[in-house]
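Colleague: Sharing a structure, written as structure tokens. Questions coming.
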Amino acid sequence: MLLTECRRSRVEIRTGCTVTSVAKDGTFRIETNQGILESKNLIIASGGLSFSKIGATDLGYRIARQFGLKIVETRPSLVGLVLDGKKYADLAGVSIDSVVSSGKESFRENILFTHRGLSGPAIIQISNYWQKSDPVLIDLLPETDVAEMLTANRHGRRTLANFLGELVPQRFADAFAANANKPLSELSNRDIDDIGALFNSWQAKFSETEGYDRAEVTLGGVSTAELSSKTMEAKRVPGLYFVGEVIDVTGWLGGYNFQWAWSSGFAVGNAI
């Protein structure tokens, strides 16, 4: 469909074409490995840094800087996070419905243990808001007060791991109850408080993201303050436009980033 629309509008598509420099002197002059192109308008729709294996580069940011536009610091986002300290690699593949929070933002979705940390929809969503210096708060049993439940059942002879295994995957219960895996009747008040805090308010600390090659988007980019909100044209460089992920606009999972790419592109198309 896209190619059909391009043909209808007499759009020329060049593949394997590398831009080596861009200049403006009345019109834009774009030097490429396939020759020099000139145009009245230049639209940067180069995306972010995610997935360099399929061609992602920093071209858009370099062009923006060349023309003096502010770039908001970039980093991988909508991405898994690497745990700081114990990795729980033996739990890789275990998924748990959780509430994950960072600052004022909170998401309820599954978390997924990986060999290096956590992923899954809730973690991927919260990665947009995660700050390296701050822990992420995870409620592993969002509808259960674990300390209260253990207190009500502390007369039982079941071990802690077996009891928790009725609420979460057994592999996870075994790992997280390892330091206090004894009959419920032998749990001290301190044990119950510690276990309750671990399950209802686990403060997970992360050292880094899984990187651009696993990130769905790039956080940051060309500052929106530099652009017209109606046309996406650079306020200080007439004829220069930016659309999509190269701009400092990042949405949630669920098609929001695709929608931003299409909507910003539509705005530019109408403007020129």
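Identifiers in this document derive from the order of the structure tokens: chains are assigned A, B, ..., residues are numbered from 1 separately in each chain, and ligands are numbered from 1 in order of occurrence.
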Counting only C-alpha atoms, which residues of segment 153-252 of chain A sit at most 8 Å from some atom of segment 109-128 of chain A, and what is each one's closest atom pair with its distance in Å to one decimal, listed by chain and rising residue number, as a tab-separated table?

Modeller:
residue	atom	partner	partner_atom	distance
A:Phe206	CA	A:Gly117	CA	7.9
A:Leu219	CA	A:Asn128	CA	7.2
A:Thr250	CA	A:Asn128	CA	7.8
A:Trp252	CA	A:Gln125	CA	6.2

Colleague: Within 8 Å of Leu140 of chain A, counting only C-alpha atoms, which residues qualify if same-chain residues fewer than 3 places away don't, as a list in words?

Modeller: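 Those residues are Ile96, Asp97, Ser98, Val99, Phe199, Asn200, Ser201 and Trp202 of chain A.
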
Colleague: Each residue of segment 53-151 of chain A with at least one atom at most 10 Å from segment 171-192 of chain A should appear once, together with its nearest atom pair and the corresponding distance in Å (one decimal); atoms considered: only C-alpha atoms; ordering: chain, then increasing residue number; output as CSV.

Modeller:
residue,atom,partner,partner_atom,distance
A:Tyr88,CA,A:Ala175,CA,8.2
A:Asp90,CA,A:Arg171,CA,8.6
A:Leu91,CA,A:Phe172,CA,6.6
A:Ala92,CA,A:Phe172,CA,9.9
A:Val94,CA,A:Phe172,CA,7.2
A:Ser95,CA,A:Phe172,CA,9.1
A:Ile96,CA,A:Phe172,CA,9.0
A:Phe113,CA,A:Phe172,CA,9.6
A:Val146,CA,A:Ile192,CA,8.2
A:Ala147,CA,A:Ile192,CA,5.4
A:Glu148,CA,A:Ile192,CA,8.4
A:Met149,CA,A:Ile192,CA,9.4
A:Leu150,CA,A:Ile192,CA,6.6
A:Thr151,CA,A:Ile192,CA,7.2

Colleague: Could you pull the residues within 8 Å of Ser101 of chain A, counting only C-alpha atoms, minus those fewer than 2 positions along the same chain, as number ranges by chain?

Modeller: A: 99, 103-107, 126, 136-138

Colleague: Tell me, which residues of segment 82-269 of chain A carry DSSP strand (DSSP E or B), written as JSON, numbers by chain?

Modeller: {"A": [82, 83, 95, 96, 97, 98, 99, 100, 101, 102, 105, 106, 107, 108, 109, 110, 111, 112, 113, 117, 118, 119, 136, 137, 138, 139, 159, 183, 202, 203, 204, 206, 207, 208, 209, 217, 218, 219, 220, 221, 222, 227, 233, 234, 240, 241, 242, 247]}

Colleague: How about saving the chosen residues, C-alpha atoms kept, as a short mmCIF file (atom, residue, chain, number, x, y, z; two decimals), in the first residue's frame?

Modeller:
data_model
loop_
_atom_site.label_atom_id
_atom_site.label_comp_id
_atom_site.auth_asym_id
_atom_site.auth_seq_id
_atom_site.Cartn_x
_atom_site.Cartn_y
_atom_site.Cartn_z
CA VAL A 82 19.31 -5.44 34.17
CA LEU A 83 19.16 -6.14 37.91
CA SER A 95 6.18 -14.61 34.55
CA ILE A 96 4.12 -12.97 37.34
CA ASP A 97 1.19 -10.54 37.26
CA SER A 98 2.47 -7.50 39.17
CA VAL A 99 2.05 -3.79 39.78
CA VAL A 100 5.27 -1.98 38.88
CA SER A 101 5.84 1.64 39.93
CA SER A 102 8.42 4.36 39.45
CA GLU A 105 3.76 6.16 37.27
CA SER A 106 2.41 2.64 37.77
CA PHE A 107 1.49 -0.26 35.49
CA ARG A 108 -0.20 -3.59 36.16
CA GLU A 109 0.97 -6.23 33.71
CA ASN A 110 3.18 -9.30 33.79
CA ILE A 111 6.85 -9.10 34.69
CA LEU A 112 9.20 -11.66 33.15
CA PHE A 113 12.46 -12.86 34.66
CA GLY A 117 17.09 -9.05 35.07
CA LEU A 118 13.44 -8.33 34.33
CA SER A 119 11.37 -7.74 31.22
CA VAL A 136 11.51 0.31 40.97
CA LEU A 137 8.75 -0.76 43.35
CA ILE A 138 7.15 -4.10 42.47
CA ASP A 139 4.03 -5.57 44.13
CA THR A 159 6.44 -24.74 54.49
CA PRO A 183 6.81 -24.30 58.48
CA TRP A 202 10.02 -5.34 46.40
CA GLN A 203 12.42 -2.48 45.71
CA ALA A 204 14.24 -3.78 42.66
CA PHE A 206 18.62 -1.92 38.15
CA SER A 207 22.07 -1.04 36.83
CA GLU A 208 21.20 -0.48 33.15
CA THR A 209 18.83 -1.30 30.33
CA VAL A 217 12.20 3.01 21.09
CA THR A 218 14.75 5.71 21.87
CA LEU A 219 13.89 8.07 24.71
CA GLY A 220 14.94 11.68 24.10
CA GLY A 221 15.83 13.30 20.79
CA VAL A 222 15.23 16.65 19.10
CA LEU A 227 9.76 22.69 16.57
CA GLU A 233 9.21 22.67 11.24
CA ALA A 234 12.33 23.86 13.06
CA LEU A 240 13.78 21.83 8.00
CA TYR A 241 11.30 19.35 9.50
CA PHE A 242 11.55 16.44 11.93
CA ILE A 247 11.91 13.86 18.19
#

Colleague: Could you tell me how far atom CA of Ala89 of chain A lies from atom CA of Pro169 of chain A, in Å and to one decimal?

Modeller: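 Computing it gives 15.2 Å between the two atoms.
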
Colleague: Kindly give the distance, in Å, that separates atom CA of Trp260 of chain A and atom CA of Val237 of chain A, rounded to a single decimal.

Modeller: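 Value for the atom CA of Trp260 of chain A-atom CA of Val237 of chain A distance: 22.3 Å.
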
Colleague: Based on the backbone DSSP call, show me all residues of segment 9-241 of chain A assigned alpha helix (DSSP H), as a PyMOL selection string.

Modeller: chain A and resi 59-66+121-126+146-152+160-164+170-176+189-200

Colleague: I need the chosen residues saved as a compact mmCIF listing (two decimals), in the first residue's frame, with N, CA and C atoms.

Modeller:
# COMPACT_ATOMS: atom_id res chain seq x y z
N LEU A 59 22.04 9.81 12.55
CA LEU A 59 22.03 10.82 11.49
C LEU A 59 21.11 11.99 11.83
N GLY A 60 19.90 11.71 12.28
CA GLY A 60 18.95 12.77 12.57
C GLY A 60 19.44 13.71 13.64
N TYR A 61 20.08 13.16 14.68
CA TYR A 61 20.60 14.00 15.75
C TYR A 61 21.78 14.84 15.27
N ARG A 62 22.62 14.25 14.41
CA ARG A 62 23.77 15.00 13.89
C ARG A 62 23.32 16.19 13.05
N ILE A 63 22.29 15.98 12.24
CA ILE A 63 21.78 17.08 11.41
C ILE A 63 21.16 18.16 12.30
N ALA A 64 20.42 17.74 13.34
CA ALA A 64 19.82 18.72 14.25
C ALA A 64 20.89 19.55 14.94
N ARG A 65 21.93 18.89 15.43
CA ARG A 65 23.02 19.62 16.10
C ARG A 65 23.72 20.58 15.13
N GLN A 66 23.89 20.13 13.88
CA GLN A 66 24.57 20.96 12.88
C GLN A 66 23.85 22.30 12.72
N PRO A 121 5.74 -6.89 29.89
CA PRO A 121 5.05 -5.62 29.61
C PRO A 121 5.16 -4.57 30.71
N ALA A 122 5.04 -4.95 31.98
CA ALA A 122 5.07 -3.95 33.05
C ALA A 122 6.45 -3.29 33.16
N ILE A 123 7.51 -4.08 33.03
CA ILE A 123 8.87 -3.53 33.11
C ILE A 123 9.16 -2.68 31.88
N ILE A 124 8.75 -3.15 30.72
CA ILE A 124 8.99 -2.40 29.49
C ILE A 124 8.29 -1.03 29.56
N GLN A 125 7.06 -1.03 30.09
CA GLN A 125 6.35 0.24 30.24
C GLN A 125 7.07 1.18 31.21
N ILE A 126 7.48 0.64 32.36
CA ILE A 126 8.07 1.51 33.38
C ILE A 126 9.46 2.00 32.97
N VAL A 146 0.33 -9.90 51.94
CA VAL A 146 1.04 -11.15 52.23
C VAL A 146 1.31 -11.30 53.72
N ALA A 147 1.73 -10.25 54.40
CA ALA A 147 1.98 -10.36 55.84
C ALA A 147 0.72 -10.74 56.60
N GLU A 148 -0.39 -10.14 56.24
CA GLU A 148 -1.67 -10.45 56.89
C GLU A 148 -2.06 -11.89 56.63
N MET A 149 -1.87 -12.35 55.40
CA MET A 149 -2.23 -13.71 55.04
C MET A 149 -1.37 -14.73 55.78
N LEU A 150 -0.07 -14.47 55.91
CA LEU A 150 0.81 -15.38 56.63
C LEU A 150 0.46 -15.42 58.11
N THR A 151 0.12 -14.29 58.68
CA THR A 151 -0.27 -14.24 60.09
C THR A 151 -1.52 -15.08 60.33
N ALA A 152 -2.47 -15.01 59.40
CA ALA A 152 -3.72 -15.76 59.55
C ALA A 152 -3.51 -17.26 59.38
N LEU A 160 6.83 -22.44 53.99
CA LEU A 160 6.56 -21.15 53.36
C LEU A 160 6.54 -21.27 51.84
N ALA A 161 7.51 -21.99 51.28
CA ALA A 161 7.59 -22.13 49.81
C ALA A 161 6.36 -22.83 49.25
N ASN A 162 5.91 -23.88 49.92
CA ASN A 162 4.72 -24.60 49.44
C ASN A 162 3.48 -23.73 49.53
N PHE A 163 3.39 -22.97 50.61
CA PHE A 163 2.24 -22.08 50.78
C PHE A 163 2.22 -21.01 49.70
N LEU A 164 3.36 -20.36 49.47
CA LEU A 164 3.43 -19.30 48.46
C LEU A 164 3.26 -19.85 47.05
N GLN A 170 5.81 -21.93 41.37
CA GLN A 170 6.56 -22.60 42.43
C GLN A 170 8.06 -22.30 42.36
N ARG A 171 8.61 -22.20 41.16
CA ARG A 171 10.04 -21.87 41.05
C ARG A 171 10.34 -20.53 41.70
N PHE A 172 9.44 -19.58 41.51
CA PHE A 172 9.61 -18.27 42.11
C PHE A 172 9.46 -18.36 43.62
N ALA A 173 8.46 -19.08 44.09
CA ALA A 173 8.23 -19.22 45.53
C ALA A 173 9.45 -19.85 46.21
N ASP A 174 10.02 -20.88 45.58
CA ASP A 174 11.20 -21.54 46.15
C ASP A 174 12.37 -20.57 46.28
N ALA A 175 12.57 -19.76 45.24
CA ALA A 175 13.72 -18.84 45.24
C ALA A 175 13.54 -17.71 46.25
N PHE A 176 12.35 -17.15 46.32
CA PHE A 176 12.14 -15.99 47.18
C PHE A 176 11.86 -16.36 48.64
N ASN A 189 7.55 -12.91 63.86
CA ASN A 189 6.91 -11.68 63.37
C ASN A 189 7.83 -10.95 62.39
N ARG A 190 9.12 -10.97 62.67
CA ARG A 190 10.09 -10.33 61.77
C ARG A 190 10.11 -11.04 60.42
N ASP A 191 10.08 -12.39 60.44
CA ASP A 191 10.04 -13.15 59.18
C ASP A 191 8.84 -12.72 58.34
N ILE A 192 7.68 -12.64 59.00
CA ILE A 192 6.44 -12.31 58.29
C ILE A 192 6.51 -10.90 57.71
N ASP A 193 7.02 -9.96 58.50
CA ASP A 193 7.15 -8.58 57.99
C ASP A 193 8.09 -8.51 56.80
N ASP A 194 9.21 -9.22 56.89
CA ASP A 194 10.20 -9.19 55.81
C ASP A 194 9.63 -9.82 54.53
N ILE A 195 8.94 -10.94 54.68
CA ILE A 195 8.39 -11.62 53.51
C ILE A 195 7.27 -10.79 52.90
N GLY A 196 6.45 -10.19 53.75
CA GLY A 196 5.38 -9.33 53.25
C GLY A 196 5.94 -8.15 52.47
N ALA A 197 7.00 -7.53 53.00
CA ALA A 197 7.61 -6.40 52.30
C ALA A 197 8.22 -6.84 50.98
N LEU A 198 8.82 -8.01 50.97
CA LEU A 198 9.46 -8.50 49.74
C LEU A 198 8.42 -8.73 48.65
N PHE A 199 7.26 -9.29 49.01
CA PHE A 199 6.26 -9.62 48.00
C PHE A 199 5.39 -8.43 47.62
N ASN A 200 5.07 -7.57 48.55
CA ASN A 200 4.16 -6.45 48.26
C ASN A 200 4.88 -5.15 47.93

Colleague: Of the candidates A:Ser77, A:Thr144, A:Asn153, A:Thr224, which shows the shortest atom-to-atom distance to Tyr212 of chain A, using only C-alpha atoms?

Modeller: A:Ser77

Colleague: Check the smallest atom-to-atom distance from each of A:Glu143, A:Val79, A:Ser228, A:Thr32 to Leu253 of chain A using only C-alpha atoms, then report the winner.

Modeller: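 Going through A:Glu143, A:Val79, A:Ser228, A:Thr32 one by one, the smallest distance to Leu253 of chain A is for A:Val79.
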
Colleague: Using only C-alpha atoms, which of the listed residues (A:Gly255, A:Gly244, A:Gly26, A:Gly265) sits closest to Ser46 of chain A?

Modeller: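 The closest residue to Ser46 of chain A is A:Gly244.
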
Colleague: What's the separation between atom CA of Asp248 of chain A and atom CA of Ser223 of chain A, in Å to one decimal place?

Modeller: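 Between these atoms lies a distance of 5.5 Å.
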